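Visitor: So that you have it, the file is query.cif, and it contains mmCIF, C-alpha atoms:
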```cif
data_model
loop_
_atom_site.label_atom_id
_atom_site.label_comp_id
_atom_site.auth_asym_id
_atom_site.auth_seq_id
_atom_site.Cartn_x
_atom_site.Cartn_y
_atom_site.Cartn_z
CA MET A 21 37.88 185.70 296.32
CA VAL A 22 34.83 186.61 294.24
CA ILE A 23 34.39 185.07 290.78
CA ILE A 24 31.56 186.50 288.66
CA ASN A 25 30.72 184.69 285.43
CA GLY A 26 34.17 183.13 285.25
CA GLU A 27 36.32 186.13 286.11
CA ILE A 28 37.72 187.49 289.37
CA SER A 29 35.93 190.70 290.32
CA LYS A 30 36.95 193.30 292.88
CA GLU A 31 33.78 195.36 292.51
CA CYS A 32 31.14 192.61 292.60
CA ASN A 33 29.28 193.88 289.54
CA ILE A 34 26.27 191.67 288.95
CA ALA A 35 23.30 191.90 286.60
CA LEU A 36 20.09 192.97 288.32
CA ASP A 37 17.61 190.14 287.79
CA SER A 38 14.87 188.26 289.62
CA GLY A 39 17.54 186.79 291.88
CA PHE A 40 18.41 190.28 293.11
CA TYR A 41 14.84 191.57 293.25
CA TYR A 42 12.99 188.49 294.51
CA GLY A 43 15.59 185.96 295.68
CA ARG A 44 14.82 183.71 292.72
CA GLY A 45 18.00 181.70 292.66
CA VAL A 46 19.86 178.94 294.44
CA PHE A 47 23.23 178.37 296.05
CA GLU A 48 25.49 175.56 297.16
CA THR A 49 28.19 175.67 299.81
CA ILE A 50 30.94 173.20 298.92
CA LEU A 51 33.87 171.95 300.96
CA VAL A 52 37.06 172.05 298.89
CA LYS A 53 40.08 170.04 299.94
CA ASN A 54 42.45 169.11 297.10
CA ARG A 55 39.26 169.08 295.03
CA PRO A 56 35.57 169.82 295.70
CA VAL A 57 33.90 167.28 297.97
CA PHE A 58 30.68 165.64 296.66
CA LEU A 59 30.69 167.97 293.65
CA LYS A 60 28.40 165.78 291.55
CA GLN A 61 25.73 165.82 294.25
CA HIS A 62 26.00 169.58 294.74
CA CYS A 63 25.65 170.21 291.00
CA GLU A 64 22.63 167.93 290.75
CA ARG A 65 20.93 169.81 293.58
CA LEU A 66 21.73 173.12 291.88
CA LYS A 67 20.19 171.81 288.68
CA GLN A 68 17.03 170.57 290.38
CA GLY A 69 16.62 173.81 292.34
CA LEU A 70 16.96 175.97 289.23
CA LEU A 71 14.49 173.76 287.41
CA LYS A 72 11.94 174.10 290.20
CA LEU A 73 12.34 177.89 290.24
CA GLY A 74 12.11 178.13 286.45
CA VAL A 75 15.59 179.66 286.09
CA SER A 76 17.26 178.81 282.77
CA ASN A 77 20.87 179.42 283.87
CA GLU A 78 22.93 176.34 284.74
CA VAL A 79 26.27 175.36 286.22
CA ASP A 80 27.89 171.97 285.72
CA GLU A 81 30.78 170.08 287.29
CA ALA A 82 33.18 170.93 284.45
CA TYR A 83 32.67 174.67 284.93
CA ILE A 84 33.27 174.54 288.68
CA ILE A 85 36.34 172.31 288.27
CA GLU A 86 37.70 174.70 285.64
CA CYS A 87 37.36 177.64 288.05
CA VAL A 88 38.83 175.65 290.96
CA GLU A 89 41.89 174.74 288.89
CA ARG A 90 42.25 178.09 287.17
CA PHE A 91 42.18 180.07 290.41
CA ASN A 92 43.91 177.41 292.56
CA ILE A 93 41.06 177.06 295.04
CA ARG A 94 42.10 174.66 297.82
CA ASP A 95 41.28 173.91 301.48
CA CYS A 96 38.40 176.34 301.81
CA VAL A 97 34.68 176.84 301.45
CA LEU A 98 33.40 177.52 297.94
CA LYS A 99 29.95 179.10 297.65
CA VAL A 100 28.24 178.94 294.25
CA ILE A 101 25.28 181.28 293.67
CA VAL A 102 23.18 181.01 290.51
CA THR A 103 20.41 183.31 289.28
CA GLU A 104 19.01 183.84 285.78
CA LYS A 105 21.80 186.23 284.72
CA ASN A 106 24.58 185.56 287.22
CA THR A 107 26.90 182.81 288.35
CA VAL A 108 28.87 183.96 291.38
CA MET A 109 31.48 182.04 293.35
CA THR A 110 33.03 183.17 296.60
CA THR A 111 35.58 181.57 298.89
CA ARG A 112 36.09 181.75 302.64
CA ASP A 113 38.06 179.95 305.32
CA ILE A 114 36.73 176.84 307.04
CA ALA A 115 35.54 178.04 310.44
CA TYR A 116 35.28 174.71 312.29
CA LYS A 117 38.18 173.68 314.54
CA PRO A 118 39.07 170.25 316.06
CA GLU A 119 37.97 171.46 319.49
CA ASP A 120 34.46 172.16 318.16
CA TYR A 121 33.99 168.46 317.45
CA GLN A 122 35.37 167.46 320.84
CA LYS A 123 33.12 169.90 322.67
CA GLY A 124 29.98 169.57 320.55
CA PHE A 125 27.26 172.12 319.82
CA CYS A 126 24.64 173.67 322.06
CA VAL A 127 21.41 174.15 320.12
CA LYS A 128 18.08 175.81 320.84
CA LEU A 129 14.55 175.49 319.51
CA SER A 130 13.12 178.13 317.21
CA SER A 131 9.65 179.56 317.74
CA LEU A 132 9.21 179.64 313.95
CA ARG A 133 7.80 176.66 312.09
CA ARG A 134 8.89 175.11 308.81
CA ASN A 135 6.13 175.00 306.19
CA PRO A 136 6.33 171.64 304.38
CA PHE A 137 3.99 172.95 301.65
CA SER A 138 5.99 176.02 300.60
CA HIS A 139 7.38 176.30 297.06
CA ILE A 140 10.87 176.81 298.47
CA THR A 141 10.78 173.97 300.99
CA GLY A 142 13.71 171.68 300.28
CA LEU A 143 15.55 174.25 298.17
CA LYS A 144 18.79 176.05 298.96
CA SER A 145 17.19 179.18 297.60
CA LEU A 146 18.24 182.79 298.09
CA ASN A 147 15.11 183.24 300.24
CA TYR A 148 17.10 182.44 303.36
CA SER A 149 16.03 185.15 305.80
CA ASP A 150 14.31 182.86 308.30
CA ASN A 151 17.48 180.79 308.61
CA ILE A 152 19.82 183.77 308.89
CA LEU A 153 17.73 185.74 311.39
CA GLU A 154 17.13 182.73 313.62
CA LYS A 155 20.78 181.67 313.46
CA GLU A 156 21.94 185.19 314.35
CA GLN A 157 19.53 185.34 317.30
CA ALA A 158 20.72 181.93 318.50
CA SER A 159 24.35 183.06 318.27
CA TYR A 160 23.51 186.22 320.22
CA GLU A 161 22.02 184.01 322.94
CA GLY A 162 25.16 181.85 323.03
CA PHE A 163 23.97 178.87 320.97
CA ASP A 164 25.69 177.26 318.00
CA GLU A 165 22.58 176.31 316.02
CA VAL A 166 18.80 176.60 316.07
CA ILE A 167 16.37 173.75 315.37
CA PHE A 168 12.99 174.12 313.66
CA LEU A 169 9.83 172.12 314.11
CA ASN A 170 7.33 172.19 311.25
CA THR A 171 3.74 173.43 311.20
CA GLN A 172 2.59 170.01 312.45
CA ASN A 173 4.97 170.30 315.42
CA GLU A 174 7.21 167.59 314.00
CA LEU A 175 10.98 167.72 314.14
CA ALA A 176 12.36 169.30 310.94
CA GLU A 177 15.92 170.66 310.62
CA GLY A 178 18.43 173.24 311.73
CA SER A 179 19.01 176.65 310.17
CA MET A 180 22.12 175.28 308.47
CA SER A 181 21.95 171.56 309.19
CA ASN A 182 20.05 168.30 309.16
CA ILE A 183 19.41 166.62 312.47
CA PHE A 184 19.76 163.00 313.60
CA PHE A 185 19.03 161.39 316.93
CA VAL A 186 19.96 157.99 318.33
CA LYS A 187 17.72 155.86 320.54
CA GLU A 188 18.84 152.43 321.74
CA GLY A 189 21.56 152.36 319.10
CA ILE A 190 19.23 153.16 316.18
CA ILE A 191 19.68 156.36 314.15
CA HIS A 192 16.59 158.39 313.27
CA THR A 193 16.13 161.50 311.14
CA PRO A 194 13.11 163.53 309.94
CA ASP A 195 11.66 162.47 306.61
CA LYS A 196 11.93 164.84 303.66
CA SER A 197 8.16 165.35 303.81
CA CYS A 198 8.64 167.16 307.13
CA GLY A 199 9.81 170.24 305.18
CA ILE A 200 13.57 169.87 305.18
CA LEU A 201 16.48 170.40 302.84
CA ASN A 202 17.85 167.03 301.80
CA GLY A 203 21.44 167.71 302.76
CA ILE A 204 24.40 166.22 300.90
CA VAL A 205 25.94 164.83 304.10
CA ARG A 206 22.48 163.70 305.24
CA GLU A 207 22.33 161.57 302.09
CA TRP A 208 25.80 160.22 302.80
CA VAL A 209 24.74 159.13 306.30
CA LEU A 210 21.61 157.45 304.91
CA GLY A 211 23.68 155.64 302.31
CA ASN A 212 26.28 154.31 304.75
CA PHE A 213 24.37 153.58 307.97
CA GLU A 214 21.04 152.09 308.94
CA VAL A 215 18.79 155.10 309.49
CA ILE A 216 15.04 155.29 310.03
CA GLU A 217 13.37 158.31 308.38
CA GLY A 218 10.10 159.34 309.98
CA LYS A 219 7.90 161.99 311.51
CA TYR A 220 8.99 162.67 315.06
CA PRO A 221 7.65 164.87 317.87
CA LEU A 222 9.95 166.98 320.00
CA GLU A 223 9.69 164.39 322.77
CA ASP A 224 11.72 161.95 320.71
CA LEU A 225 14.57 164.44 320.57
CA LEU A 226 14.32 165.09 324.29
CA ASN A 227 14.42 161.37 325.06
CA ALA A 228 17.26 160.53 322.66
CA ASP A 229 20.54 159.02 323.81
CA GLU A 230 22.60 160.99 321.29
CA VAL A 231 22.00 163.80 318.80
CA PHE A 232 24.16 165.00 315.94
CA ILE A 233 23.76 167.43 313.06
CA THR A 234 25.27 167.51 309.58
CA ASN A 235 26.09 169.89 306.77
CA SER A 236 28.55 170.00 303.89
CA ILE A 237 31.16 172.13 305.65
CA MET A 238 31.17 170.92 309.25
CA GLY A 239 30.41 167.32 308.25
CA ILE A 240 29.19 165.48 311.38
CA MET A 241 28.85 167.48 314.62
CA LYS A 242 27.59 166.11 317.94
CA VAL A 243 25.02 168.03 319.97
CA LYS A 244 25.82 168.24 323.64
CA ALA A 245 22.77 170.21 324.80
CA LEU A 246 19.30 171.21 323.64
CA GLY A 247 18.81 174.55 325.36
CA ASN A 248 18.21 173.99 329.05
CA LEU A 249 15.92 171.06 328.25
CA ARG A 250 18.40 168.22 327.76
CA LEU A 251 22.07 167.36 328.10
CA TYR A 252 23.43 164.52 325.97
CA GLY A 253 26.27 162.45 327.36
CA GLU A 254 26.90 159.55 325.00
CA SER A 255 28.76 159.77 321.68
CA LYS A 256 29.17 156.13 320.65
CA VAL A 257 27.16 156.18 317.43
CA TYR A 258 28.26 159.72 316.64
CA ASN A 259 31.90 158.65 316.87
CA LEU A 260 31.30 155.79 314.42
CA VAL A 261 29.50 158.03 311.94
CA ARG A 262 32.07 160.79 312.19
CA LEU A 263 34.96 158.34 311.78
CA GLY A 264 33.35 156.93 308.63
CA TYR A 265 32.76 160.39 307.22
CA GLU A 266 36.31 161.53 307.90
CA LYS A 267 37.57 158.44 306.10
CA GLU A 268 35.32 159.25 303.13
CA ILE A 269 36.44 162.85 302.67
CA SER A 270 40.09 161.94 303.17
CA LEU A 271 39.84 160.62 299.59
CA TYR A 272 39.52 164.21 298.41
#
```
Would you write out, as structure tokens, the structure that this file holds?
Guide:
Amino acid sequence: MVIINGEISKECNIALDSGFYYGRGVFETILVKNRPVFLKQHCERLKQGLLKLGVSNEVDEAYIIECVERFNIRDCVLKVIVTEKNTVMTTRDIAYKPEDYQKGFCVKLSSLRRNPFSHITGLKSLNYSDNILEKEQASYEGFDEVIFLNTQNELAEGSMSNIFFVKEGIIHTPDKSCGILNGIVREWVLGNFEVIEGKYPLEDLLNADEVFITNSIMGIMKVKALGNLRLYGESKVYNLVRLGYEKEISLY
């Protein structure tokens, strides 16, 4: 389903603006069960992203809820894209299966580096080519996700996820200053578990007992291997975090 400015469209007619020409816009990818999950947080991030880009268009919770109810959007992924002249919503199926969580993800390192000083660092902007190209290459090589270091060779994030590692029972995650998107599920983990945010070298990831990644659609996913550099065996903390998250979203 494609909804453009409040109406279903079969032809995807959009206004040509700076979002089309320069990628000046933002998007959110929202899990919808009986209702959108963490909608308030997604809308706040949309608002802040548009403000930072100087885009005057806006989308609030009431508008998204109206569209969800009007078009009976349930049990799917809702993507909301906002530019100066367009508000576009699309839906797709949820791709993750129960066996994915049992098996875990194999990830690889990217040769690219996140720039913590870029204007678009920390934004879910339409300038997403680095993420898409690296994710596609990783998939071609048989990996589920790709992990970026930043220009200081510190651990940053995945192409579509935030990353956490566990050492001696303590959860760690890169600080926002490392050049990462502050994910909605990342914030949930920080708000419900004791987590140390910091600046970490790759060695800390290699020496971790457990690793897991998060995003708004897959939730909490364990990492079973980092390329051919490291296999992770334990899942104790991951299981606790995932159980808590599943309990949270069951409310939706």
Visitor: Hey, what's within 12 Å of Phe58 (chain A) if we count all atoms listed in the file and toss same-chain stuff fewer than 3 positions away? As number ranges by chain, please?
Guide: A: 48-53, 55, 61-65, 81, 203-205, 207-208, 235-237, 239, 265, 268-269, 271-272
Visitor: Would you translate the PyMOL selection byres ((chain A and resi 24-28) around 12) into the concrete set of residues it matches in this file, as a count of residues only?
Guide: 35
Visitor: Running the PyMOL selection byres ((chain A and resi 244) around 12) on this model by hand, what would come out? Give it as a VMD selection string.
Guide: chain A and resid 120 to 128 163 to 165 185 226 228 to 233 241 to 243 245 to 255 258
Visitor: Can you turn the PyMOL selection byres ((chain A and resi 174) around 8) into a concrete residue list for this file, as a list in words?
Guide: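 Selected by the PyMOL selection byres ((chain A and resi 174) around 8) in this file: Leu169, Asn170, Thr171, Gln172, Asn173, Leu175, Ala176, Cys198, Lys219, Tyr220, Pro221 and Leu222 of chain A.
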Visitor: Neighbours of Lys155 (chain A) within 12 Å (only C-alpha atoms; same-chain residues fewer than 5 positions away dropped), as a VMD selection string?
Guide: chain A and resid 127 to 130 132 148 to 150 160 to 168 178 to 181
Visitor: As a ChimeraX atom specification, please: the residues near Cys96 (chain A) (cut-off 6 Å, only C-alpha atoms, same-chain neighbours under 2 positions excluded).
Guide: /A:52,94,112-114
Visitor: Between CA of Tyr116 (chain A) and CA of Val209 (chain A), measure the distance and give it in Å to one decimal.
Guide: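 Separating CA of Tyr116 (chain A) from CA of Val209 (chain A) is a distance of 19.7 Å.
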Visitor: How far is it from CA of Ser76 (chain A) to CA of Ser138 (chain A), in Å with one decimal?
Guide: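 Calculated distance between CA of Ser76 (chain A) and CA of Ser138 (chain A) is 21.3 Å.
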Visitor: Between A:Ile240, A:Leu59, A:Gln157, A:Arg134, which one has atoms that come closest to Asn182 (chain A), using all atoms listed in the file?
Guide: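 So, comparing all the options, the nearest one is A:Ile240.
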Visitor: Which of these residues is nearest to Gly218 (chain A), using all atoms listed in the file: A:Ser159, A:Thr193, A:Ser145, A:Asn259?
Guide: A:Thr193
Visitor: Just checking: using all atoms listed in the file, which residue out of A:Lys117, A:Lys256, A:Lys60, A:Lys72 ends up closest to Ile190 (chain A)?
Guide: A:Lys256
Visitor: Between CA of Leu73 (chain A) and CA of Val97 (chain A), what distance in Å does the model show, to one decimal?
Guide: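 CA of Val97 (chain A) lies 25.0 Å from CA of Leu73 (chain A).
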Visitor: Give me, as a list in words, all polymer residues having an atom no more than 7 Å from Leu70 (chain A), counting only C-alpha atoms and skipping those fewer than 5 positions away in the same chain.
Guide: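 Listed by chain and then number, they are Gly45, Val46 and Val75 of chain A.
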Visitor: Taking all atoms of region 199-212 of chain A that the file lists, what box with edges along x, y and z, padded by 5 Å per side, do you get, with centre and edge lengths in Å to one decimal, as AutoDock Vina command-line options?
Guide:
```
--center_x 18.0 --center_y 162.4 --center_z 303.6 --size_x 26.5 --size_y 26.1 --size_z 15.4
```
Visitor: Choose the residue, out of A:Gly189, A:Gly211, A:Pro136, A:Pro118, that has the smallest atom-to-atom separation from Glu177 (chain A); count only C-alpha atoms.
Guide: A:Pro136
Visitor: Within 9 Å of Leu143 (chain A), counting only C-alpha atoms, which residues show up once you throw out same-chain ones fewer than 4 positions away? Write them as a list in words, please.
Guide: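 Using only C-alpha atoms, the neighbours found are Val46, Phe47, Arg65, Leu66, Gln68, Gly69, Lys72, His139, Ile200, Leu201 and Asn202 of chain A.
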Visitor: May I ask you to restore N, CA, C and O atoms in region 78-102 of chain A and write the result as a PDB file, in the coordinates of the input?
Guide:
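Contents of the output file selection.pdb:
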```
ATOM      1  N   GLU A  78      22.480 177.616 284.187  1.00  0.00           N
ATOM      2  CA  GLU A  78      22.930 176.340 284.740  1.00  0.00           C
ATOM      3  C   GLU A  78      24.429 176.358 284.974  1.00  0.00           C
ATOM      4  O   GLU A  78      25.170 177.105 284.358  1.00  0.00           O
ATOM      5  N   VAL A  79      24.847 175.512 285.890  1.00  0.00           N
ATOM      6  CA  VAL A  79      26.270 175.360 286.220  1.00  0.00           C
ATOM      7  C   VAL A  79      26.541 173.865 286.317  1.00  0.00           C
ATOM      8  O   VAL A  79      25.804 173.148 286.997  1.00  0.00           O
ATOM      9  N   ASP A  80      27.584 173.393 285.660  1.00  0.00           N
ATOM     10  CA  ASP A  80      27.890 171.970 285.720  1.00  0.00           C
ATOM     11  C   ASP A  80      29.231 171.731 286.405  1.00  0.00           C
ATOM     12  O   ASP A  80      29.959 172.660 286.753  1.00  0.00           O
ATOM     13  N   GLU A  81      29.547 170.457 286.605  1.00  0.00           N
ATOM     14  CA  GLU A  81      30.780 170.080 287.290  1.00  0.00           C
ATOM     15  C   GLU A  81      32.012 170.610 286.564  1.00  0.00           C
ATOM     16  O   GLU A  81      32.956 171.090 287.202  1.00  0.00           O
ATOM     17  N   ALA A  82      32.003 170.518 285.233  1.00  0.00           N
ATOM     18  CA  ALA A  82      33.180 170.930 284.450  1.00  0.00           C
ATOM     19  C   ALA A  82      33.492 172.399 284.664  1.00  0.00           C
ATOM     20  O   ALA A  82      34.667 172.783 284.786  1.00  0.00           O
ATOM     21  N   TYR A  83      32.450 173.228 284.740  1.00  0.00           N
ATOM     22  CA  TYR A  83      32.670 174.670 284.930  1.00  0.00           C
ATOM     23  C   TYR A  83      33.283 174.947 286.303  1.00  0.00           C
ATOM     24  O   TYR A  83      34.227 175.743 286.427  1.00  0.00           O
ATOM     25  N   ILE A  84      32.748 174.299 287.334  1.00  0.00           N
ATOM     26  CA  ILE A  84      33.270 174.540 288.680  1.00  0.00           C
ATOM     27  C   ILE A  84      34.707 174.023 288.793  1.00  0.00           C
ATOM     28  O   ILE A  84      35.575 174.707 289.358  1.00  0.00           O
ATOM     29  N   ILE A  85      34.974 172.848 288.238  1.00  0.00           N
ATOM     30  CA  ILE A  85      36.340 172.310 288.270  1.00  0.00           C
ATOM     31  C   ILE A  85      37.303 173.237 287.528  1.00  0.00           C
ATOM     32  O   ILE A  85      38.428 173.480 287.978  1.00  0.00           O
ATOM     33  N   GLU A  86      36.855 173.766 286.397  1.00  0.00           N
ATOM     34  CA  GLU A  86      37.700 174.700 285.640  1.00  0.00           C
ATOM     35  C   GLU A  86      38.066 175.906 286.485  1.00  0.00           C
ATOM     36  O   GLU A  86      39.233 176.329 286.521  1.00  0.00           O
ATOM     37  N   CYS A  87      37.086 176.478 287.194  1.00  0.00           N
ATOM     38  CA  CYS A  87      37.360 177.640 288.050  1.00  0.00           C
ATOM     39  C   CYS A  87      38.254 177.270 289.223  1.00  0.00           C
ATOM     40  O   CYS A  87      39.165 178.029 289.588  1.00  0.00           O
ATOM     41  N   VAL A  88      38.010 176.103 289.829  1.00  0.00           N
ATOM     42  CA  VAL A  88      38.830 175.650 290.960  1.00  0.00           C
ATOM     43  C   VAL A  88      40.284 175.503 290.538  1.00  0.00           C
ATOM     44  O   VAL A  88      41.203 175.945 291.246  1.00  0.00           O
ATOM     45  N   GLU A  89      40.526 174.921 289.369  1.00  0.00           N
ATOM     46  CA  GLU A  89      41.890 174.740 288.890  1.00  0.00           C
ATOM     47  C   GLU A  89      42.518 176.054 288.432  1.00  0.00           C
ATOM     48  O   GLU A  89      43.677 176.352 288.740  1.00  0.00           O
ATOM     49  N   ARG A  90      41.738 176.826 287.712  1.00  0.00           N
ATOM     50  CA  ARG A  90      42.250 178.090 287.170  1.00  0.00           C
ATOM     51  C   ARG A  90      42.674 179.063 288.252  1.00  0.00           C
ATOM     52  O   ARG A  90      43.692 179.741 288.140  1.00  0.00           O
ATOM     53  N   PHE A  91      41.893 179.115 289.340  1.00  0.00           N
ATOM     54  CA  PHE A  91      42.180 180.070 290.410  1.00  0.00           C
ATOM     55  C   PHE A  91      42.795 179.406 291.640  1.00  0.00           C
ATOM     56  O   PHE A  91      42.885 180.027 292.697  1.00  0.00           O
ATOM     57  N   ASN A  92      43.205 178.146 291.501  1.00  0.00           N
ATOM     58  CA  ASN A  92      43.910 177.410 292.560  1.00  0.00           C
ATOM     59  C   ASN A  92      43.155 177.476 293.889  1.00  0.00           C
ATOM     60  O   ASN A  92      43.694 177.874 294.924  1.00  0.00           O
ATOM     61  N   ILE A  93      41.914 177.053 293.856  1.00  0.00           N
ATOM     62  CA  ILE A  93      41.060 177.060 295.040  1.00  0.00           C
ATOM     63  C   ILE A  93      41.269 175.749 295.794  1.00  0.00           C
ATOM     64  O   ILE A  93      40.990 174.674 295.278  1.00  0.00           O
ATOM     65  N   ARG A  94      41.786 175.839 297.024  1.00  0.00           N
ATOM     66  CA  ARG A  94      42.100 174.660 297.820  1.00  0.00           C
ATOM     67  C   ARG A  94      41.799 174.930 299.301  1.00  0.00           C
ATOM     68  O   ARG A  94      41.931 176.060 299.792  1.00  0.00           O
ATOM     69  N   ASP A  95      41.423 173.887 300.015  1.00  0.00           N
ATOM     70  CA  ASP A  95      41.280 173.910 301.480  1.00  0.00           C
ATOM     71  C   ASP A  95      40.464 175.119 301.965  1.00  0.00           C
ATOM     72  O   ASP A  95      40.931 175.919 302.793  1.00  0.00           O
ATOM     73  N   CYS A  96      39.262 175.219 301.447  1.00  0.00           N
ATOM     74  CA  CYS A  96      38.400 176.340 301.810  1.00  0.00           C
ATOM     75  C   CYS A  96      36.953 175.980 301.558  1.00  0.00           C
ATOM     76  O   CYS A  96      36.625 174.852 301.192  1.00  0.00           O
ATOM     77  N   VAL A  97      36.096 176.967 301.763  1.00  0.00           N
ATOM     78  CA  VAL A  97      34.680 176.840 301.450  1.00  0.00           C
ATOM     79  C   VAL A  97      34.413 177.586 300.147  1.00  0.00           C
ATOM     80  O   VAL A  97      34.785 178.753 300.001  1.00  0.00           O
ATOM     81  N   LEU A  98      33.772 176.904 299.208  1.00  0.00           N
ATOM     82  CA  LEU A  98      33.400 177.520 297.940  1.00  0.00           C
ATOM     83  C   LEU A  98      31.883 177.643 297.902  1.00  0.00           C
ATOM     84  O   LEU A  98      31.164 176.650 297.982  1.00  0.00           O
ATOM     85  N   LYS A  99      31.392 178.871 297.767  1.00  0.00           N
ATOM     86  CA  LYS A  99      29.950 179.100 297.650  1.00  0.00           C
ATOM     87  C   LYS A  99      29.632 179.441 296.201  1.00  0.00           C
ATOM     88  O   LYS A  99      30.257 180.334 295.616  1.00  0.00           O
ATOM     89  N   VAL A 100      28.663 178.741 295.637  1.00  0.00           N
ATOM     90  CA  VAL A 100      28.240 178.940 294.250  1.00  0.00           C
ATOM     91  C   VAL A 100      26.807 179.454 294.260  1.00  0.00           C
ATOM     92  O   VAL A 100      25.909 178.791 294.795  1.00  0.00           O
ATOM     93  N   ILE A 101      26.588 180.635 293.688  1.00  0.00           N
ATOM     94  CA  ILE A 101      25.280 181.280 293.670  1.00  0.00           C
ATOM     95  C   ILE A 101      24.852 181.439 292.219  1.00  0.00           C
ATOM     96  O   ILE A 101      25.614 181.976 291.404  1.00  0.00           O
ATOM     97  N   VAL A 102      23.645 180.982 291.893  1.00  0.00           N
ATOM     98  CA  VAL A 102      23.180 181.010 290.510  1.00  0.00           C
ATOM     99  C   VAL A 102      21.800 181.659 290.434  1.00  0.00           C
ATOM    100  O   VAL A 102      20.867 181.231 291.120  1.00  0.00           O
TER     101      VAL A 102
END
```
